[in-house]
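Content type TSV, C-alpha atoms, from the file model_26.tsv:
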```
chain	number	residue	atom	x	y	z
F	1	MET	CA	77.38	-47.56	-14.04
F	2	LYS	CA	75.98	-44.11	-13.27
F	3	LYS	CA	75.13	-43.61	-16.93
F	4	VAL	CA	73.25	-46.91	-17.04
F	5	LEU	CA	71.30	-45.91	-13.94
F	6	ILE	CA	70.47	-42.50	-15.42
F	7	ILE	CA	69.34	-44.11	-18.70
F	8	MET	CA	67.21	-46.62	-16.80
F	9	PHE	CA	65.72	-43.82	-14.71
F	10	VAL	CA	64.89	-41.74	-17.80
F	11	ALA	CA	63.46	-44.79	-19.56
F	12	LEU	CA	61.24	-45.50	-16.57
F	13	LEU	CA	60.23	-41.87	-16.36
F	14	CYS	CA	59.37	-41.44	-20.06
F	15	PRO	CA	55.85	-42.95	-19.97
F	16	TYR	CA	55.03	-40.78	-16.97
F	17	LEU	CA	56.32	-37.69	-18.77
F	18	ALA	CA	54.20	-38.54	-21.81
F	19	ALA	CA	51.22	-39.07	-19.54
F	20	ALA	CA	52.00	-35.71	-18.01
F	21	GLN	CA	51.72	-34.12	-21.47
F	22	ALA	CA	48.32	-35.74	-21.98
F	23	LYS	CA	47.29	-34.53	-18.54
F	24	GLN	CA	48.29	-30.97	-19.44
F	25	ILE	CA	46.08	-31.09	-22.54
F	26	HIS	CA	43.27	-32.50	-20.39
F	27	LEU	CA	43.71	-29.64	-17.92
F	28	ILE	CA	43.55	-27.00	-20.65
F	29	LEU	CA	40.41	-28.57	-22.13
F	30	ASP	CA	38.86	-28.89	-18.66
F	31	LYS	CA	39.59	-25.23	-18.02
F	32	TYR	CA	37.74	-23.91	-21.05
F	33	GLU	CA	35.08	-26.51	-21.81
F	34	LYS	CA	32.42	-24.90	-19.62
F	35	ARG	CA	32.73	-21.38	-21.02
F	36	LYS	CA	30.04	-19.58	-22.99
F	37	LYS	CA	30.01	-20.26	-26.73
F	38	VAL	CA	32.12	-23.36	-26.19
F	39	GLU	CA	31.05	-26.90	-26.98
F	40	SER	CA	32.77	-29.90	-25.50
F	41	ILE	CA	32.30	-33.54	-26.39
F	42	ILE	CA	34.02	-36.39	-24.59
F	43	ILE	CA	33.84	-39.71	-26.38
F	44	SER	CA	34.86	-43.13	-25.15
F	45	PRO	CA	36.35	-45.58	-27.67
F	46	SER	CA	33.25	-47.75	-27.56
F	47	VAL	CA	31.41	-44.98	-29.43
F	48	LEU	CA	34.06	-44.85	-32.15
F	49	GLN	CA	34.24	-47.06	-35.20
F	50	MET	CA	36.43	-47.59	-38.20
F	51	ALA	CA	35.18	-46.02	-41.40
F	52	GLY	CA	34.03	-48.51	-44.03
F	53	ASN	CA	34.36	-51.33	-41.57
F	54	GLY	CA	30.95	-52.50	-40.55
F	55	ASN	CA	32.41	-55.58	-38.93
F	56	TYR	CA	34.00	-55.06	-35.58
F	57	ASP	CA	36.91	-57.35	-36.40
F	58	ALA	CA	40.08	-58.04	-34.44
F	59	SER	CA	42.19	-55.36	-36.18
F	60	THR	CA	39.53	-52.70	-35.55
F	61	LYS	CA	39.23	-53.82	-31.98
F	62	GLU	CA	43.00	-53.70	-31.56
F	63	LEU	CA	43.24	-50.22	-33.05
F	64	LEU	CA	40.35	-48.81	-31.03
F	65	SER	CA	41.73	-50.46	-27.89
F	66	LYS	CA	44.73	-48.14	-28.21
F	67	ILE	CA	42.47	-45.12	-27.82
F	68	SER	CA	41.47	-44.29	-24.28
F	69	GLU	CA	39.44	-41.19	-24.94
F	70	MET	CA	38.60	-38.61	-27.56
F	71	ARG	CA	37.78	-35.01	-26.73
F	72	ILE	CA	36.47	-32.30	-29.01
F	73	VAL	CA	36.33	-28.71	-27.83
F	74	ASN	CA	34.86	-26.20	-30.24
F	75	VAL	CA	35.20	-22.48	-29.56
F	76	LYS	CA	32.71	-20.44	-31.54
F	77	GLU	CA	33.17	-16.99	-32.96
F	78	GLY	CA	32.48	-14.32	-30.35
F	79	ALA	CA	33.67	-16.33	-27.34
F	80	GLU	CA	35.67	-13.89	-25.24
F	81	GLN	CA	37.45	-13.53	-21.93
F	82	ASN	CA	38.07	-9.99	-20.69
F	83	GLY	CA	37.65	-8.66	-24.22
F	84	THR	CA	40.20	-11.07	-25.72
F	85	PRO	CA	38.93	-13.75	-28.10
F	86	LEU	CA	38.89	-17.04	-26.19
F	87	LYS	CA	40.44	-18.93	-29.09
F	88	ILE	CA	43.58	-16.78	-28.82
F	89	ILE	CA	43.81	-17.45	-25.07
F	90	ILE	CA	43.33	-21.21	-25.52
F	91	ARG	CA	45.77	-21.29	-28.42
F	92	SER	CA	48.32	-19.50	-26.27
F	93	ASP	CA	47.84	-22.05	-23.45
F	94	LEU	CA	48.08	-24.95	-25.90
F	95	ASP	CA	51.19	-23.52	-27.57
F	96	LYS	CA	52.99	-23.61	-24.23
F	97	VAL	CA	52.52	-27.38	-24.19
F	98	LEU	CA	52.54	-28.24	-27.88
F	99	THR	CA	55.69	-26.33	-28.75
F	100	GLY	CA	57.62	-28.16	-26.03
F	101	GLU	CA	60.10	-30.93	-26.63
F	102	ARG	CA	57.58	-33.69	-26.02
F	103	PHE	CA	55.40	-32.84	-29.02
F	104	SER	CA	56.10	-32.74	-32.70
F	105	ARG	CA	54.01	-31.06	-35.36
F	106	VAL	CA	53.18	-33.68	-37.96
F	107	LEU	CA	51.04	-31.57	-40.23
F	108	LYS	CA	50.33	-27.94	-41.01
F	109	MET	CA	47.91	-27.20	-43.78
F	110	GLN	CA	46.70	-23.74	-44.71
F	111	GLU	CA	43.89	-23.36	-47.15
F	112	GLY	CA	42.53	-19.84	-47.48
F	113	GLU	CA	41.58	-18.76	-44.00
F	114	GLU	CA	41.45	-22.32	-42.69
F	115	LEU	CA	44.41	-23.75	-40.89
F	116	LEU	CA	44.77	-27.34	-39.79
F	117	GLU	CA	47.62	-28.51	-37.59
F	118	LEU	CA	48.36	-31.90	-36.11
F	119	PHE	CA	50.56	-32.38	-33.06
F	120	VAL	CA	51.58	-35.76	-31.64
F	121	THR	CA	53.54	-36.68	-28.55
F	122	LYS	CA	56.93	-38.09	-29.47
F	123	ASN	CA	56.36	-41.08	-27.23
F	124	GLU	CA	53.65	-43.49	-28.25
F	125	GLU	CA	51.79	-43.21	-24.97
F	126	GLY	CA	50.26	-39.78	-25.09
F	127	VAL	CA	48.00	-37.65	-27.18
F	128	LEU	CA	47.26	-36.61	-30.72
F	129	VAL	CA	45.91	-33.07	-31.12
F	130	PHE	CA	44.28	-31.51	-34.16
F	131	LEU	CA	43.86	-27.75	-34.13
F	132	ALA	CA	41.43	-26.53	-36.77
F	133	THR	CA	41.28	-22.74	-37.03
F	134	SER	CA	38.82	-20.85	-39.20
F	135	PRO	CA	37.30	-17.38	-38.93
F	136	LYS	CA	34.08	-18.90	-37.56
F	137	GLU	CA	35.49	-21.33	-35.00
F	138	PHE	CA	38.48	-22.92	-33.40
F	139	ALA	CA	38.27	-26.65	-32.83
F	140	ILE	CA	40.57	-28.84	-30.76
F	141	ILE	CA	40.21	-32.52	-31.53
F	142	SER	CA	42.33	-34.65	-29.26
F	143	ILE	CA	42.78	-38.40	-29.08
F	144	PHE	CA	44.35	-39.86	-25.96
F	145	GLY	CA	45.94	-43.29	-25.57
F	146	ASN	CA	48.67	-45.31	-27.19
F	147	ILE	CA	49.21	-43.10	-30.24
F	148	ASP	CA	51.32	-45.24	-32.55
F	149	LYS	CA	51.66	-45.18	-36.34
F	150	SER	CA	48.54	-47.27	-36.88
F	151	VAL	CA	46.39	-44.75	-34.97
F	152	ILE	CA	47.99	-41.77	-36.76
F	153	ASN	CA	47.46	-43.47	-40.14
F	154	ALA	CA	43.85	-44.29	-39.30
F	155	VAL	CA	43.19	-40.69	-38.28
F	156	MET	CA	45.03	-39.20	-41.25
F	157	THR	CA	43.14	-41.32	-43.73
F	158	GLY	CA	39.81	-40.46	-42.13
F	159	GLY	CA	39.58	-43.94	-40.76
F	160	ILE	CA	38.10	-43.18	-37.36
F	161	LYS	CA	34.47	-42.15	-37.21
F	162	VAL	CA	31.77	-41.69	-34.61
F	163	LYS	CA	29.07	-44.37	-34.59
T	164	MET	CA	35.43	-76.75	48.57
T	165	GLU	CA	34.24	-75.14	51.75
T	166	THR	CA	30.49	-74.64	52.10
T	167	ILE	CA	28.78	-72.03	54.23
T	168	ASP	CA	25.41	-72.11	55.87
T	169	ARG	CA	22.52	-69.66	55.53
T	170	LYS	CA	23.56	-67.51	58.51
T	171	ARG	CA	27.22	-67.26	57.47
T	172	ALA	CA	26.11	-66.42	53.95
T	173	GLY	CA	23.84	-63.66	55.35
T	174	ASP	CA	26.76	-62.20	57.35
T	175	LEU	CA	29.10	-62.35	54.41
T	176	LEU	CA	26.53	-60.69	52.17
T	177	GLU	CA	26.17	-57.81	54.59
T	178	ARG	CA	29.96	-57.43	54.73
T	179	TYR	CA	30.06	-57.70	50.90
T	180	PHE	CA	27.65	-54.81	50.42
T	181	GLU	CA	29.69	-52.78	52.89
T	182	ALA	CA	32.81	-53.64	50.85
T	183	GLN	CA	34.45	-55.29	53.81
T	184	THR	CA	34.82	-58.83	52.46
T	185	THR	CA	38.16	-60.35	51.68
T	186	LEU	CA	38.87	-62.15	48.40
T	187	GLN	CA	38.55	-65.49	50.17
T	188	GLU	CA	35.13	-64.52	51.59
T	189	GLU	CA	33.97	-63.44	48.13
T	190	GLN	CA	35.11	-66.78	46.80
T	191	LEU	CA	33.03	-68.48	49.52
T	192	LEU	CA	30.03	-66.45	48.48
T	193	ARG	CA	30.48	-67.39	44.82
T	194	GLU	CA	30.72	-71.04	45.77
T	195	TYR	CA	27.60	-70.69	47.94
T	196	PHE	CA	25.61	-69.16	45.07
T	197	SER	CA	26.87	-71.69	42.54
T	198	GLY	CA	25.64	-74.50	44.77
T	199	ALA	CA	22.14	-75.91	45.22
T	200	ASN	CA	21.52	-74.92	48.86
T	201	ILE	CA	20.72	-71.27	48.43
T	202	ALA	CA	18.36	-69.76	50.98
T	203	PRO	CA	15.21	-68.29	49.37
T	204	GLU	CA	15.96	-64.79	50.78
T	205	HIS	CA	19.40	-64.95	49.09
T	206	ALA	CA	18.11	-66.18	45.73
T	207	VAL	CA	17.87	-62.63	44.35
T	208	TYR	CA	21.65	-62.28	44.57
T	209	THR	CA	22.35	-65.46	42.61
T	210	GLN	CA	22.49	-63.63	39.25
T	211	MET	CA	24.95	-61.12	40.67
T	212	PHE	CA	27.43	-63.77	41.80
T	213	CYS	CA	26.95	-66.17	38.90
T	214	ALA	CA	26.72	-63.62	36.07
T	215	PHE	CA	30.45	-63.78	35.40
T	216	ALA	CA	30.79	-67.48	35.98
T	217	GLU	CA	30.59	-68.19	32.26
T	218	GLU	CA	33.11	-65.57	31.41
T	219	ARG	CA	35.38	-66.86	34.16
T	220	GLU	CA	35.10	-70.29	32.62
T	221	MET	CA	36.22	-68.84	29.29
T	222	LEU	CA	39.16	-67.09	30.93
T	223	ASN	CA	40.16	-70.26	32.65
T	224	LEU	CA	39.96	-72.01	29.29
T	225	THR	CA	42.36	-69.58	27.64
T	226	THR	CA	44.85	-69.76	30.48
T	227	ARG	CA	44.96	-73.50	30.71
T	228	ASN	CA	47.74	-75.41	29.01
T	229	PHE	CA	46.84	-76.30	25.47
T	230	SER	CA	47.73	-79.51	23.76
T	231	ALA	CA	49.54	-79.39	20.42
T	232	GLU	CA	46.30	-80.15	18.63
T	233	ASP	CA	44.49	-77.32	20.42
T	234	LYS	CA	47.25	-74.88	19.48
T	235	PHE	CA	47.05	-75.93	15.85
T	236	THR	CA	43.28	-75.42	15.79
T	237	ILE	CA	43.53	-71.97	17.34
T	238	ASN	CA	46.36	-70.95	14.99
T	239	SER	CA	44.54	-72.21	11.92
T	240	ASN	CA	41.41	-70.34	13.02
T	241	SER	CA	43.32	-67.09	13.42
T	242	LYS	CA	45.05	-67.72	10.09
T	243	LYS	CA	41.67	-68.26	8.47
T	244	PHE	CA	40.48	-65.02	10.03
T	245	HIS	CA	43.52	-63.11	8.79
T	246	PHE	CA	43.33	-64.71	5.36
T	247	ARG	CA	39.66	-63.77	5.05
T	248	TRP	CA	40.33	-60.13	5.87
T	249	MET	CA	43.44	-60.03	3.72
T	250	SER	CA	41.59	-61.46	0.75
T	251	ILE	CA	38.83	-58.88	1.18
T	252	ALA	CA	41.42	-56.09	1.43
T	253	VAL	CA	43.24	-57.33	-1.69
T	254	ALA	CA	39.97	-57.62	-3.63
T	255	ALA	CA	38.97	-54.09	-2.60
T	256	ALA	CA	42.41	-52.74	-3.56
T	257	LEU	CA	42.20	-54.46	-6.95
T	258	ALA	CA	38.72	-53.08	-7.58
T	259	ILE	CA	39.87	-49.54	-6.75
T	260	PHE	CA	42.99	-49.97	-8.89
T	261	ALA	CA	40.95	-51.27	-11.83
T	262	PHE	CA	38.47	-48.40	-11.48
T	263	LEU	CA	41.25	-45.84	-11.47
T	264	MET	CA	43.42	-47.36	-14.15
T	265	MET	CA	40.98	-48.85	-16.62
T	266	PRO	CA	40.90	-46.42	-19.54
T	267	GLU	CA	37.63	-47.75	-20.91
T	268	ARG	CA	34.67	-47.11	-18.72
T	269	GLY	CA	31.83	-48.26	-20.87
T	270	ASP	CA	29.82	-46.52	-23.48
T	271	SER	CA	30.32	-42.97	-22.24
T	272	LEU	CA	29.52	-39.82	-24.11
T	273	LYS	CA	29.46	-36.37	-22.59
T	274	LEU	CA	28.32	-33.14	-24.17
T	275	ILE	CA	28.70	-29.65	-22.67
T	276	ILE	CA	27.26	-26.63	-24.47
T	277	ASP	CA	27.79	-23.14	-23.01
T	278	GLY	CA	28.73	-24.67	-19.67
T	279	VAL	CA	25.57	-26.77	-19.48
T	280	ASN	CA	25.81	-30.55	-19.35
T	281	VAL	CA	23.48	-31.73	-22.12
T	282	LYS	CA	22.26	-35.28	-21.68
T	283	ASN	CA	21.35	-35.95	-25.26
T	284	ARG	CA	23.23	-38.83	-26.79
T	285	GLU	CA	21.96	-38.26	-30.32
T	286	LEU	CA	22.94	-34.57	-30.27
T	287	ALA	CA	26.38	-35.41	-28.89
T	288	LEU	CA	26.90	-38.04	-31.57
T	289	SER	CA	25.73	-35.75	-34.35
T	290	LYS	CA	27.99	-32.89	-33.18
T	291	ALA	CA	30.98	-35.21	-32.86
T	292	ASP	CA	30.20	-36.63	-36.30
T	293	ILE	CA	30.06	-33.11	-37.80
T	294	HIS	CA	33.47	-32.26	-36.36
T	295	MET	CA	34.99	-35.53	-37.55
T	296	GLU	CA	33.50	-34.99	-41.02
T	297	GLN	CA	34.98	-31.47	-41.18
T	298	LEU	CA	38.34	-32.81	-40.09
T	299	ASN	CA	38.22	-35.68	-42.56
T	300	SER	CA	37.21	-33.29	-45.32
T	301	MET	CA	40.23	-31.05	-44.62
T	302	LEU	CA	42.50	-34.08	-44.42
T	303	GLY	CA	41.00	-35.34	-47.67
T	304	ARG	CA	41.91	-32.08	-49.39
T	305	PHE	CA	45.40	-32.42	-47.95
T	306	ARG	CA	45.69	-35.99	-49.26
T	307	ASP	CA	44.44	-34.92	-52.72
T	308	GLY	CA	46.92	-32.05	-52.76
T	309	SER	CA	49.77	-34.32	-51.73
T	310	THR	CA	48.80	-36.92	-54.33
T	311	LYS	CA	48.74	-34.25	-57.04
T	312	GLN	CA	52.12	-32.96	-55.95
T	313	ILE	CA	53.51	-36.51	-56.00
T	314	ASP	CA	51.98	-37.09	-59.42
T	315	ASN	CA	53.55	-33.86	-60.69
T	316	MET	CA	56.90	-34.94	-59.27
T	317	ASN	CA	56.55	-38.32	-60.96
T	318	LYS	CA	55.75	-36.61	-64.27
T	319	MET	CA	58.77	-34.42	-63.85
T	320	GLY	CA	60.83	-37.51	-63.10
T	321	ASP	CA	59.52	-39.20	-66.26
T	322	ALA	CA	60.38	-36.13	-68.30
T	323	LEU	CA	63.86	-36.04	-66.85
T	324	SER	CA	64.43	-39.76	-67.40
T	325	SER	CA	64.95	-39.18	-71.18
T	326	PHE	CA	67.64	-36.67	-70.35
T	327	LYS	CA	69.20	-39.20	-68.00
T	328	SER	CA	69.39	-41.86	-70.74
T	329	PHE	CA	70.81	-39.28	-73.15
T	330	ASN	CA	73.41	-38.33	-70.53
T	331	LYS	CA	74.27	-42.01	-70.08
T	332	ILE	CA	74.85	-42.47	-73.80
T	333	LEU	CA	77.04	-39.37	-73.83
T	334	THR	CA	79.07	-40.67	-70.88
T	335	GLN	CA	79.56	-44.07	-72.50
T	336	THR	CA	80.67	-42.41	-75.77
T	337	THR	CA	83.19	-40.23	-73.94
T	338	VAL	CA	84.66	-43.23	-72.13
T	339	SER	CA	84.94	-45.32	-75.31
T	340	ASP	CA	86.62	-42.36	-77.12
T	341	ARG	CA	89.16	-42.14	-74.35
T	342	LEU	CA	89.88	-45.85	-74.54
T	343	GLU	CA	90.53	-45.59	-78.26
```
This structure in structure tokens:
Amino acid sequence: MKKVLIIMFVALLCPYLAAAQAKQIHLILDKYEKRKKVESIIISPSVLQMAGNGNYDASTKELLSKISEMRIVNVKEGAEQNGTPLKIIIRSDLDKVLTGERFSRVLKMQEGEELLELFVTKNEEGVLVFLATSPKEFAIISIFGNIDKSVINAVMTGGIKVK
Amino acid sequence: METIDRKRAGDLLERYFEAQTTLQEEQLLREYFSGANIAPEHAVYTQMFCAFAEEREMLNLTTRNFSAEDKFTINSNSKKFHFRWMSIAVAAALAIFAFLMMPERGDSLKLIIDGVNVKNRELALSKADIHMEQLNSMLGRFRDGSTKQIDNMNKMGDALSSFKSFNKILTQTTVSDRLE
């Protein structure tokens, strides 16, 4: 009986824990978005569209309805905090969250000096985070909402674009 | 109802202003002023003694015994009152809940550059588009690379398939030899 109660409690708590992960990413982005040499863009799903899909059909609507928000934070070369490159500080903050149990790294791609990584919360309700590192900039592209396979596939195949 | 004359009313008024009247005498004064035979010199005090008459009437109304119908009307009125306030409270709570919980809040786009909030929709869209294009380009290279790797693996598989068939023939031959 106790086990059942514990399982039920954990099951009830899971969405909140996933939401907590998304909140942590939000907090990190909030913390650094107003720094010098940093650009931040917050996009609502109504500004997004599916690539090659001029018609806003039901499937597109359904997929975009799963996304609650998209945030892009771009740290340019030369952005510093107390002499330390800001991208290293942000990366360190992000690693504390992304390397936890709630996230899994779906993709790591190194090409020359460019590195692209994709992290997704293990639960569907959460966040998808791209980290694009190059000598010139460090970009964090995060998509919040119900991140299921269809959203991951759409993102991976370059399916989601800005209007 | 006892009535008092002009003189008695004058005496009582004097005692009233000296706070020496009894409750019964005050009642007599109220009755005198609510009547029609008020002396002209006392007319100025009429308002003072009749000002609360209406309110007293109301109080008397609430204390009287109500009939079943009256009770029902009063209850239904108070219920209506409560229901009205409750419905307003529920509507307000729902509106606040929807505002807090609704993930989509319209066509919003926010751009911050170097800590400055830039209200330029076109610039925000173009910057977001550039980042998405860069991301898609990197992912495209990843997809191409993966496809090539899969193709190479398929080619390797095709090349190995002839060996597999050869191995199968050899196995069959060995088994038939053993049977003989």
Counting all atoms listed in the file, chain T residues within 10 Å of chain F, as number ranges by chain: T: 265-281, 287-306
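As for atom CA of Glu137 of chain F and atom CA of Ile25 of chain F, they are spaced 19.0 Å apart.
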So that I can check the surroundings of Arg102 of chain F, please list as a ChimeraX atom specification every protein, DNA and RNA residue that reaches within 9 Å of it, counting only C-alpha atoms and ignoring chain neighbours fewer than 2 positions away. /F:17-18,21,97-100,104,120-123
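Residues lying within 12 Å of segment 203-207 of chain T, counting only C-alpha atoms and ignoring same-chain neighbours fewer than 4 positions away, are Asp168, Arg169, Lys170, Arg171, Ala172, Gly173, Asp174, Leu175, Leu176, Glu177, Leu192, Tyr195, Phe196, Ser197, Gly198, Ala199, Met211, Phe212 and Cys213 of chain T.
In this structure, atom CA of Gln49 of chain F sits 20.9 Å away from atom CA of Glu124 of chain F.
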What is the distance between atom CA of Gln190 of chain T and atom CA of Ala214 of chain T, in Å to one decimal? 14.0 Å
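Proximity of F:Asp148, F:Val106, F:Ile90, F:Leu128 to Lys31 of chain F, computed with all atoms listed in the file, is greatest for F:Ile90.
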